[in-house]
$ cat coords-v4.cif   # mmCIF, C-alpha atoms and all ligand atoms
data_work
#
loop_
_atom_site.label_atom_id
_atom_site.label_comp_id
_atom_site.auth_asym_id
_atom_site.auth_seq_id
_atom_site.Cartn_x
_atom_site.Cartn_y
_atom_site.Cartn_z
CA MET Z 1 -33.23 16.52 17.27
CA LYS Z 2 -30.84 13.94 18.75
CA VAL Z 3 -29.17 11.72 16.12
CA SER Z 4 -26.54 8.98 16.47
CA ALA Z 5 -24.39 7.46 13.76
CA ILE Z 6 -21.97 4.54 13.77
CA ALA Z 7 -18.98 4.38 11.45
CA PRO Z 8 -16.16 1.93 10.80
CA ALA Z 9 -12.47 2.69 10.73
CA ASN Z 10 -10.89 1.45 7.52
CA ILE Z 11 -7.63 -0.16 6.52
CA ALA Z 12 -5.98 1.05 3.34
CA PHE Z 13 -4.50 -1.52 0.95
CA ILE Z 14 -3.27 1.37 -1.22
CA LYS Z 15 -2.39 4.28 1.02
CA TYR Z 16 -3.20 7.94 1.07
CA TRP Z 17 0.06 9.65 1.97
CA GLY Z 18 0.65 13.21 0.77
CA LYS Z 19 -1.80 15.78 -0.54
CA THR Z 20 -2.03 18.12 -3.49
CA ASP Z 21 -4.21 20.56 -1.53
CA ALA Z 22 -3.52 20.42 2.19
CA ASN Z 23 -6.37 22.70 3.33
CA ASN Z 24 -9.00 20.75 1.43
CA ARG Z 25 -7.36 17.38 2.02
CA VAL Z 26 -7.09 16.46 -1.64
CA PRO Z 27 -4.85 13.38 -1.89
CA GLY Z 28 -1.89 12.95 -4.22
CA ASN Z 29 -3.24 9.57 -5.39
CA ASN Z 30 -6.34 7.36 -5.32
CA SER Z 31 -6.44 4.93 -2.39
CA ILE Z 32 -8.20 1.62 -1.75
CA SER Z 33 -9.53 0.40 1.59
CA MET Z 34 -11.82 -1.95 3.47
CA ASN Z 35 -14.13 -0.95 6.33
CA LEU Z 36 -13.49 -2.74 9.62
CA SER Z 37 -16.28 -4.55 11.49
CA GLU Z 38 -14.81 -4.33 15.01
CA MET Z 39 -13.22 -0.87 14.93
CA GLN Z 40 -16.16 1.44 15.16
CA THR Z 41 -17.10 4.84 16.55
CA VAL Z 42 -20.57 5.83 17.70
CA THR Z 43 -21.31 9.55 17.92
CA THR Z 44 -24.47 11.20 19.23
CA VAL Z 45 -25.17 14.86 18.50
CA GLU Z 46 -27.88 17.27 19.51
CA PHE Z 47 -27.82 21.00 18.80
CA GLN Z 48 -29.24 22.76 21.86
CA PRO Z 49 -30.40 26.40 22.14
CA TYR Z 50 -29.14 26.95 25.73
CA LEU Z 51 -25.48 25.98 25.08
CA SER Z 52 -22.94 28.79 24.70
CA SER Z 53 -20.17 26.47 23.49
CA ASP Z 54 -19.97 22.91 22.17
CA ASP Z 55 -20.16 20.33 24.95
CA ILE Z 56 -17.91 17.46 23.81
CA THR Z 57 -17.42 14.18 25.71
CA PHE Z 58 -15.31 11.14 24.82
CA GLN Z 59 -16.76 8.10 26.57
CA ASN Z 60 -14.26 5.62 28.06
CA GLU Z 61 -11.13 7.70 27.32
CA ASP Z 62 -8.67 8.71 30.04
CA ALA Z 63 -6.77 11.36 28.08
CA VAL Z 64 -8.60 13.86 25.92
CA TYR Z 65 -6.51 16.68 24.52
CA ALA Z 66 -7.68 20.28 23.97
CA LYS Z 67 -6.47 19.96 20.35
CA GLU Z 68 -8.91 17.10 19.72
CA LYS Z 69 -11.87 19.07 21.06
CA GLU Z 70 -10.86 22.05 18.91
CA ARG Z 71 -10.77 19.84 15.82
CA ILE Z 72 -14.25 18.50 16.64
CA SER Z 73 -15.60 22.01 17.18
CA GLY Z 74 -14.05 22.97 13.83
CA ALA Z 75 -15.91 20.06 12.21
CA LEU Z 76 -19.15 21.19 13.86
CA ASP Z 77 -18.49 24.70 12.48
CA ARG Z 78 -18.55 23.23 8.97
CA VAL Z 79 -21.95 21.69 9.73
CA ARG Z 80 -23.19 25.01 11.17
CA ILE Z 81 -22.08 26.87 8.03
CA LEU Z 82 -23.95 24.38 5.85
CA ALA Z 83 -27.09 24.62 8.00
CA GLN Z 84 -26.74 28.38 8.52
CA THR Z 85 -27.15 28.11 12.27
CA SER Z 86 -25.15 29.33 15.24
CA LEU Z 87 -26.52 26.69 17.62
CA ARG Z 88 -23.92 24.83 19.72
CA ALA Z 89 -23.99 21.07 20.07
CA LYS Z 90 -23.81 18.45 22.77
CA LEU Z 91 -21.72 15.63 21.34
CA VAL Z 92 -20.75 12.32 22.91
CA THR Z 93 -18.47 9.92 21.07
CA LYS Z 94 -17.21 6.44 21.87
CA ASN Z 95 -14.56 4.32 20.15
CA SER Z 96 -14.40 0.55 20.37
CA PHE Z 97 -10.58 0.74 20.11
CA PRO Z 98 -7.67 2.97 21.26
CA LYS Z 99 -7.14 6.05 19.11
CA ALA Z 100 -3.96 7.22 17.38
CA VAL Z 101 -2.17 3.87 17.34
CA GLY Z 102 -2.29 3.35 13.59
CA ILE Z 103 -5.97 2.51 13.36
CA ALA Z 104 -7.86 5.22 11.56
CA SER Z 105 -9.82 6.59 14.53
CA SER Z 106 -10.19 9.93 12.76
CA ALA Z 107 -11.94 8.10 9.89
CA SER Z 108 -14.63 6.52 12.05
CA GLY Z 109 -14.73 9.52 14.39
CA PHE Z 110 -15.31 12.22 11.80
CA SER Z 111 -17.60 10.23 9.51
CA SER Z 112 -19.87 9.32 12.43
CA LEU Z 113 -19.74 12.94 13.62
CA ALA Z 114 -20.67 14.28 10.19
CA MET Z 115 -23.62 11.95 9.69
CA ALA Z 116 -24.97 12.51 13.21
CA ALA Z 117 -24.49 16.30 13.17
CA LEU Z 118 -25.98 16.76 9.70
CA GLY Z 119 -28.86 14.46 10.62
CA SER Z 120 -29.58 16.34 13.79
CA LEU Z 121 -30.05 19.53 11.72
CA ASP Z 122 -32.09 17.57 9.19
CA ILE Z 123 -29.58 18.02 6.37
CA ARG Z 124 -29.44 15.15 3.91
CA LEU Z 125 -26.49 14.79 1.55
CA LYS Z 126 -26.08 12.32 -1.30
CA PRO Z 127 -23.48 9.62 -0.43
CA HIS Z 128 -20.72 11.16 -2.56
CA GLU Z 129 -21.45 14.62 -1.12
CA LEU Z 130 -21.24 13.18 2.40
CA SER Z 131 -17.91 11.52 1.53
CA LYS Z 132 -16.60 14.86 0.24
CA PHE Z 133 -17.82 16.64 3.36
CA CYS Z 134 -16.14 14.05 5.61
CA ARG Z 135 -12.90 14.41 3.61
CA LEU Z 136 -12.65 18.04 4.70
CA MET Z 137 -12.55 16.92 8.35
CA SER Z 138 -10.22 13.94 7.92
CA GLY Z 139 -9.07 12.49 4.61
CA THR Z 140 -9.59 8.85 5.52
CA ALA Z 141 -13.10 9.67 6.85
CA ALA Z 142 -14.15 10.02 3.19
CA ARG Z 143 -13.51 6.26 2.82
CA SER Z 144 -15.65 5.29 5.83
CA VAL Z 145 -18.82 6.51 4.09
CA PRO Z 146 -19.37 3.91 1.31
CA ASP Z 147 -19.86 0.19 2.06
CA GLY Z 148 -17.31 -2.61 2.11
CA PHE Z 149 -14.36 -2.25 -0.28
CA VAL Z 150 -13.80 1.36 -1.23
CA GLU Z 151 -11.83 3.55 -3.62
CA TRP Z 152 -11.19 7.20 -2.81
CA LEU Z 153 -10.83 9.07 -6.09
CA LYS Z 154 -8.38 11.92 -5.95
CA GLY Z 155 -10.41 13.72 -8.61
CA SER Z 156 -9.23 16.92 -10.20
CA GLY Z 157 -9.40 18.90 -6.96
CA ALA Z 158 -11.51 19.70 -3.91
CA SER Z 159 -14.83 19.64 -5.78
CA ASP Z 160 -14.68 16.08 -7.07
CA SER Z 161 -12.52 14.09 -4.66
CA PHE Z 162 -14.69 11.52 -2.84
CA ALA Z 163 -14.91 7.79 -2.14
CA VAL Z 164 -17.09 5.16 -3.79
CA SER Z 165 -17.84 1.53 -3.03
CA LEU Z 166 -16.10 -0.99 -5.29
CA HIS Z 167 -17.82 -4.01 -3.71
CA PRO Z 168 -20.22 -4.53 -0.80
CA ALA Z 169 -18.97 -5.95 2.50
CA ASP Z 170 -20.08 -9.50 1.70
CA PHE Z 171 -18.18 -9.59 -1.61
CA TRP Z 172 -15.11 -11.33 -0.16
CA ASP Z 173 -14.58 -12.62 3.35
CA ILE Z 174 -11.02 -11.62 4.00
CA CYS Z 175 -10.03 -10.52 7.49
CA ASP Z 176 -7.83 -7.87 9.02
CA VAL Z 177 -6.23 -9.23 12.19
CA VAL Z 178 -5.15 -6.04 13.92
CA CYS Z 179 -2.17 -6.45 16.24
CA ILE Z 180 -2.18 -3.60 18.74
CA VAL Z 181 1.36 -3.16 20.01
CA SER Z 182 1.10 0.11 21.91
CA SER Z 183 -1.69 2.21 23.36
CA GLU Z 184 0.34 5.41 23.54
CA MET Z 185 -0.66 8.40 21.42
CA LYS Z 186 1.72 8.75 18.47
CA LYS Z 187 4.00 11.79 18.57
CA VAL Z 188 3.56 12.98 14.98
CA SER Z 189 -0.02 13.12 13.72
CA SER Z 190 -0.81 11.84 10.24
CA SER Z 191 -1.91 15.39 9.30
CA ASP Z 192 1.68 16.52 9.93
CA GLY Z 193 3.06 13.38 8.28
CA HIS Z 194 1.21 14.10 5.02
CA LEU Z 195 2.92 17.49 4.84
CA LEU Z 196 6.36 15.86 5.08
CA ALA Z 197 5.75 13.28 2.32
CA LYS Z 198 7.00 15.54 -0.48
CA THR Z 199 10.33 16.03 1.30
CA SER Z 200 11.19 12.39 0.54
CA PRO Z 201 13.34 12.01 -2.59
CA PHE Z 202 11.20 8.98 -3.46
CA TYR Z 203 7.78 10.65 -3.32
CA ASN Z 204 7.50 11.52 -7.02
CA ASN Z 205 8.45 8.01 -8.02
CA ARG Z 206 5.80 6.58 -5.75
CA ILE Z 207 3.13 8.79 -7.32
CA LYS Z 208 4.28 7.86 -10.84
CA GLY Z 209 3.71 4.16 -10.13
CA MET Z 210 0.31 4.60 -8.51
CA LYS Z 211 -1.99 4.31 -11.53
CA ALA Z 212 -0.61 0.91 -12.47
CA LYS Z 213 -0.68 -0.26 -8.86
CA ILE Z 214 -4.34 0.70 -8.47
CA ILE Z 215 -5.31 -1.09 -11.70
CA ASN Z 216 -3.41 -4.15 -10.53
CA ILE Z 217 -4.91 -4.39 -7.06
CA LYS Z 218 -8.44 -3.74 -8.34
CA ASP Z 219 -8.01 -6.60 -10.78
CA ALA Z 220 -6.76 -8.91 -8.00
CA LEU Z 221 -9.72 -7.82 -5.86
CA ASN Z 222 -12.26 -8.41 -8.65
CA ARG Z 223 -10.84 -11.89 -9.22
CA LYS Z 224 -10.46 -12.58 -5.46
CA ASN Z 225 -6.87 -13.61 -6.14
CA PHE Z 226 -5.63 -13.54 -2.56
CA SER Z 227 -1.91 -14.15 -3.22
CA ARG Z 228 -1.68 -11.39 -5.80
CA PHE Z 229 -3.80 -9.03 -3.74
CA GLY Z 230 -1.65 -9.69 -0.66
CA ARG Z 231 1.67 -9.17 -2.40
CA ILE Z 232 0.54 -5.80 -3.75
CA LEU Z 233 -0.78 -4.54 -0.41
CA GLU Z 234 2.34 -5.61 1.50
CA ASP Z 235 4.68 -3.94 -1.03
CA GLU Z 236 2.50 -0.86 -0.85
CA ALA Z 237 2.76 -0.62 2.95
CA LEU Z 238 6.55 -0.78 2.68
CA SER Z 239 6.47 1.86 -0.06
CA MET Z 240 4.49 4.28 2.14
CA HIS Z 241 6.81 3.71 5.09
CA ALA Z 242 9.84 4.19 2.84
CA ILE Z 243 8.47 7.69 2.20
CA CYS Z 244 8.00 8.26 5.94
CA ILE Z 245 11.48 7.06 6.85
CA THR Z 246 13.12 9.20 4.15
CA SER Z 247 11.18 12.40 4.88
CA THR Z 248 12.82 15.41 6.52
CA PRO Z 249 12.58 15.05 9.47
CA PRO Z 250 12.19 11.27 9.21
CA LEU Z 251 9.13 9.53 10.59
CA LEU Z 252 9.51 6.04 11.96
CA TYR Z 253 6.18 4.80 13.23
CA TRP Z 254 7.31 1.25 14.01
CA GLU Z 255 8.06 -0.27 17.42
CA PRO Z 256 10.12 -3.44 17.89
CA ALA Z 257 6.89 -5.46 18.12
CA THR Z 258 5.76 -4.00 14.77
CA LEU Z 259 8.80 -5.54 13.11
CA ALA Z 260 8.38 -8.80 15.06
CA VAL Z 261 4.86 -9.19 13.63
CA MET Z 262 6.05 -8.37 10.08
CA LYS Z 263 8.82 -10.99 10.34
CA LYS Z 264 6.42 -13.60 11.71
CA VAL Z 265 3.98 -13.05 8.85
CA ILE Z 266 6.77 -13.53 6.29
CA TRP Z 267 8.11 -16.57 8.15
CA LEU Z 268 4.68 -18.26 8.33
CA ARG Z 269 4.25 -17.69 4.61
CA GLU Z 270 7.69 -18.94 3.63
CA LYS Z 271 7.22 -22.09 5.73
CA GLY Z 272 3.94 -22.71 3.91
CA GLU Z 273 2.11 -22.70 7.26
CA LEU Z 274 -0.23 -19.76 6.78
CA GLU Z 275 -0.62 -17.23 3.99
CA SER Z 276 -1.15 -13.69 5.22
CA TYR Z 277 0.19 -10.22 4.38
CA PHE Z 278 0.88 -7.19 6.56
CA THR Z 279 0.08 -3.54 6.16
CA ILE Z 280 0.73 -0.62 8.53
CA ASP Z 281 -0.77 2.86 8.73
CA ALA Z 282 0.70 5.88 10.53
CA GLY Z 283 1.33 4.08 13.81
CA PRO Z 284 2.89 0.96 15.30
CA SER Z 285 -0.11 -1.41 14.99
CA VAL Z 286 0.11 -4.05 12.29
CA HIS Z 287 -2.87 -5.09 10.19
CA VAL Z 288 -2.47 -8.66 8.99
CA ILE Z 289 -4.72 -9.61 6.09
CA CYS Z 290 -5.78 -13.24 5.71
CA GLN Z 291 -8.63 -15.34 4.39
CA ALA Z 292 -11.50 -15.78 6.87
CA ALA Z 293 -10.97 -19.49 7.41
CA GLU Z 294 -7.51 -18.76 8.82
CA ALA Z 295 -8.28 -15.74 10.97
CA ALA Z 296 -8.68 -17.51 14.32
CA ARG Z 297 -5.43 -19.49 13.97
CA LEU Z 298 -3.54 -16.42 12.77
CA SER Z 299 -4.89 -14.29 15.59
CA LEU Z 300 -3.80 -16.87 18.19
CA THR Z 301 -0.31 -17.13 16.69
CA LEU Z 302 0.20 -13.37 16.48
CA SER Z 303 -1.11 -12.69 19.98
CA GLY Z 304 1.76 -14.82 21.34
CA ILE Z 305 4.43 -12.44 19.97
CA PRO Z 306 6.09 -10.46 22.79
CA GLY Z 307 4.91 -6.83 22.67
CA VAL Z 308 1.57 -7.63 21.03
CA GLN Z 309 -1.00 -6.45 23.57
CA ARG Z 310 -4.13 -7.53 21.80
CA THR Z 311 -5.35 -8.82 18.47
CA VAL Z 312 -8.75 -8.02 16.96
CA VAL Z 313 -10.22 -9.92 14.00
CA ASN Z 314 -12.13 -7.67 11.59
CA HIS Z 315 -14.36 -8.65 8.71
CA PRO Z 316 -15.37 -6.26 5.90
CA ALA Z 317 -18.13 -3.91 7.06
CA ARG Z 318 -20.69 -1.47 5.74
CA GLY Z 319 -20.05 2.26 5.83
CA VAL Z 320 -21.40 4.96 8.15
CA HIS Z 321 -25.08 4.70 9.06
CA ILE Z 322 -27.65 5.94 11.55
CA THR Z 323 -28.20 3.99 14.77
CA ASN Z 324 -30.86 4.38 17.44
CA LYS Z 325 -28.37 3.51 20.23
CA HIS Z 326 -27.84 7.02 21.60
CA LEU Z 327 -24.93 7.77 23.95
CA PHE Z 328 -26.97 10.28 26.02
O1 LIG F 401 -6.76 10.77 7.44
P1 LIG F 401 -5.39 10.75 8.01
O2 LIG F 401 -4.77 12.09 7.98
O3 LIG F 401 -5.37 10.13 9.39
O4 LIG F 401 -4.43 9.84 7.07
C1 LIG F 401 -3.79 8.66 7.43
C2 LIG F 401 -3.36 7.93 6.22
C3 LIG F 401 -2.90 6.50 6.45
O5 LIG F 401 -3.69 5.87 7.42
C4 LIG F 401 -1.46 6.46 6.92
C5 LIG F 401 -2.98 5.74 5.13
C6 LIG F 401 -4.38 5.51 4.65
O6 LIG F 401 -4.62 5.64 3.46
O7 LIG F 401 -5.26 5.17 5.47
#
$ encode --input "coords-v4.cif" --output "structure tokens"
Amino acid sequence: MKVSAIAPANIAFIKYWGKTDANNRVPGNNSISMNLSEMQTVTTVEFQPYLSSDDITFQNEDAVYAKEKERISGALDRVRILAQTSLRAKLVTKNSFPKAVGIASSASGFSSLAMAALGSLDIRLKPHELSKFCRLMSGTAARSVPDGFVEWLKGSGASDSFAVSLHPADFWDICDVVCIVSSEMKKVSSSDGHLLAKTSPFYNNRIKGMKAKIINIKDALNRKNFSRFGRILEDEALSMHAICITSTPPLLYWEPATLAVMKKVIWLREKGELESYFTIDAGPSVHVICQAAEAARLSLTLSGIPGVQRTVVNHPARGVHITNKHLF
């Protein structure tokens, strides 16, 4: 059976950086995110009896690396083990945005893959089981399963670490204006970055402060207190990057344009012109969070910064779901 699924990337307000169990992708702390309406991956899967190996195609991508196909085949192996089949799959996947530039393409990619592949073998998992299953393929993929605003619970280990929805997508119309500043693949993957986190002398301190930070941001979210919410998420982005910069070897994901956007956001706020807050994942792109009424003006202002190639305005979105728009 041919099944297609569509999944959003997500932006973390409280980041997942560092794991307690690397093989099972169990995070060192809970994280909080929002699904992105315009950063989506569609994946179509069909298991076919005449294939001797998985037939994997990325639509609209110039460079596809052998490593990526291996990781996808590895994910399909997990589905095969669950379904107790040795059938190989034809899989076509398409992103609406460039991968590996600090937008969680592995989140949308692997969650859409999991839902499509499981569906095509007629396996139905409960939402939290699907989130757990996605986590094994890519940590952030666990957060692309539930709707809207999401918390990924670190749990006590591999068996109970999954993501849940805190609020549906229409709870609060805040936007993520993504500033894409480079379309080059990053040199150090986030999987490798997670492993370095503990080499930072500040990592333990970061983890110690996490519980309070999570309580704080959830309270600001529940009350829709944008200024408080924004201050916490911006501090948090800097905290994660402080870990990256002070790891051994150090990881500096920023480009000059990354810093230019950060400075502009602070400047606009200090001048009282526009209130927004930045956050950055493991790449040079900057995610600027604002209230919906200001998204168009903010997007126009940020797109004029030298080095910003493109801006994309995202609203909160639902999680992974089945679509009938097949890619083959
Ligand atoms: O799932 P990964 O390995 O791509 O993790 C990336 C984690 C960050 O994007 C840097 C932070 C987060 O919580 O999304």
$ closest_atom_pairs --input "coords-v4.cif" --of "chain Z" --to "ligand LIG 401 (chain F)" --cutoff "7 Å" --atoms "only C-alpha atoms and all ligand atoms" --output "CSV"
residue,atom,partner,partner_atom,distance
Z:Ile11,CA,F:LIG401,O7,5.9
Z:Ala12,CA,F:LIG401,O7,4.7
Z:Ile14,CA,F:LIG401,O6,6.5
Z:Lys15,CA,F:LIG401,O6,3.6
Z:Tyr16,CA,F:LIG401,O6,3.6
Z:Trp17,CA,F:LIG401,C2,5.7
Z:Ser31,CA,F:LIG401,O6,6.2
Z:Gly102,CA,F:LIG401,O5,6.8
Z:Ala104,CA,F:LIG401,O5,5.9
Z:Ser106,CA,F:LIG401,O3,5.9
Z:Ala107,CA,F:LIG401,O1,6.3
Z:Ser138,CA,F:LIG401,O1,4.7
Z:Gly139,CA,F:LIG401,O1,4.0
Z:Thr140,CA,F:LIG401,O1,3.9
Z:Ala141,CA,F:LIG401,O1,6.5
Z:Ser190,CA,F:LIG401,O2,4.6
Z:Ser191,CA,F:LIG401,O2,4.6
Z:His194,CA,F:LIG401,O2,7.0
Z:Asp281,CA,F:LIG401,C4,4.1
Z:Ala282,CA,F:LIG401,C4,4.2
$ atom_distance --input "coords-v4.cif" --atom1 "atom CA of Z:Leu233" --atom2 "atom CA of Z:Thr279"
6.7 Å
$ residues_around --input "coords-v4.cif" --residues "Z:Val177" --least-positions-apart "5" --cutoff "12 Å" --atoms "only C-alpha atoms" --output "VMD selection string"
chain Z and resid 11 36 to 39 103 261 265 276 to 280 285 to 292 294 to 303 308 310 to 316
$ closest_residue --input "coords-v4.cif" --among "Z:Gly230, Z:His321, Z:Ser239, Z:Thr44" --to "Z:Asp176" --atoms "all atoms listed in the file"
Z:Gly230
$ atom_distance --input "coords-v4.cif" --atom1 "atom CA of Z:Phe97" --atom2 "atom CA of Z:Arg318"
17.7 Å
$ atom_distance --input "coords-v4.cif" --atom1 "atom CA of Z:Asn222" --atom2 "atom CA of Z:Pro146"
17.4 Å
$ closest_residue --input "coords-v4.cif" --among "Z:Pro201, Z:Pro306, Z:Pro8, Z:Pro27" --to "Z:Ser105" --atoms "all atoms listed in the file"
Z:Pro8
$ closest_residue --input "coords-v4.cif" --among "Z:Val26, Z:Ile56, Z:Ala116, Z:Ile174" --to "Z:Asn225" --atoms "only C-alpha atoms"
Z:Ile174
$ build_atoms --input "coords-v4.cif" --residues "stretch 314-325 of chain Z" --atoms "N, CA, C and O atoms" --output "PDB file, in the frame of the given file"
ATOM      1  N   ASN Z 314     -11.112  -8.476  12.280  1.00  0.00           N
ATOM      2  CA  ASN Z 314     -12.130  -7.670  11.590  1.00  0.00           C
ATOM      3  C   ASN Z 314     -12.544  -8.309  10.281  1.00  0.00           C
ATOM      4  O   ASN Z 314     -11.692  -8.784   9.524  1.00  0.00           O
ATOM      5  N   HIS Z 315     -13.824  -8.246  10.009  1.00  0.00           N
ATOM      6  CA  HIS Z 315     -14.360  -8.650   8.710  1.00  0.00           C
ATOM      7  C   HIS Z 315     -14.699  -7.361   7.936  1.00  0.00           C
ATOM      8  O   HIS Z 315     -14.792  -6.290   8.543  1.00  0.00           O
ATOM      9  N   PRO Z 316     -14.944  -7.465   6.638  1.00  0.00           N
ATOM     10  CA  PRO Z 316     -15.370  -6.260   5.900  1.00  0.00           C
ATOM     11  C   PRO Z 316     -16.710  -5.767   6.456  1.00  0.00           C
ATOM     12  O   PRO Z 316     -17.540  -6.586   6.875  1.00  0.00           O
ATOM     13  N   ALA Z 317     -16.919  -4.462   6.437  1.00  0.00           N
ATOM     14  CA  ALA Z 317     -18.130  -3.910   7.060  1.00  0.00           C
ATOM     15  C   ALA Z 317     -18.764  -2.841   6.176  1.00  0.00           C
ATOM     16  O   ALA Z 317     -18.122  -2.293   5.277  1.00  0.00           O
ATOM     17  N   ARG Z 318     -20.014  -2.547   6.470  1.00  0.00           N
ATOM     18  CA  ARG Z 318     -20.690  -1.470   5.740  1.00  0.00           C
ATOM     19  C   ARG Z 318     -20.162  -0.110   6.211  1.00  0.00           C
ATOM     20  O   ARG Z 318     -19.448  -0.032   7.219  1.00  0.00           O
ATOM     21  N   GLY Z 319     -20.521   0.920   5.496  1.00  0.00           N
ATOM     22  CA  GLY Z 319     -20.050   2.260   5.830  1.00  0.00           C
ATOM     23  C   GLY Z 319     -20.889   2.917   6.914  1.00  0.00           C
ATOM     24  O   GLY Z 319     -21.709   2.254   7.576  1.00  0.00           O
ATOM     25  N   VAL Z 320     -20.708   4.215   7.078  1.00  0.00           N
ATOM     26  CA  VAL Z 320     -21.400   4.960   8.150  1.00  0.00           C
ATOM     27  C   VAL Z 320     -22.915   4.840   7.986  1.00  0.00           C
ATOM     28  O   VAL Z 320     -23.435   4.836   6.869  1.00  0.00           O
ATOM     29  N   HIS Z 321     -23.616   4.733   9.119  1.00  0.00           N
ATOM     30  CA  HIS Z 321     -25.080   4.700   9.060  1.00  0.00           C
ATOM     31  C   HIS Z 321     -25.666   5.155  10.408  1.00  0.00           C
ATOM     32  O   HIS Z 321     -24.976   5.178  11.418  1.00  0.00           O
ATOM     33  N   ILE Z 322     -26.942   5.452  10.342  1.00  0.00           N
ATOM     34  CA  ILE Z 322     -27.650   5.940  11.550  1.00  0.00           C
ATOM     35  C   ILE Z 322     -27.927   4.754  12.479  1.00  0.00           C
ATOM     36  O   ILE Z 322     -28.217   3.647  12.022  1.00  0.00           O
ATOM     37  N   THR Z 323     -27.823   5.016  13.787  1.00  0.00           N
ATOM     38  CA  THR Z 323     -28.200   3.990  14.770  1.00  0.00           C
ATOM     39  C   THR Z 323     -29.140   4.622  15.789  1.00  0.00           C
ATOM     40  O   THR Z 323     -29.087   5.846  16.021  1.00  0.00           O
ATOM     41  N   ASN Z 324     -29.974   3.793  16.397  1.00  0.00           N
ATOM     42  CA  ASN Z 324     -30.860   4.380  17.440  1.00  0.00           C
ATOM     43  C   ASN Z 324     -30.287   4.169  18.831  1.00  0.00           C
ATOM     44  O   ASN Z 324     -30.942   4.447  19.829  1.00  0.00           O
ATOM     45  N   LYS Z 325     -29.008   3.698  18.903  1.00  0.00           N
ATOM     46  CA  LYS Z 325     -28.370   3.510  20.230  1.00  0.00           C
ATOM     47  C   LYS Z 325     -27.676   4.808  20.630  1.00  0.00           C
ATOM     48  O   LYS Z 325     -26.474   4.986  20.382  1.00  0.00           O
TER      49      LYS Z 325
END
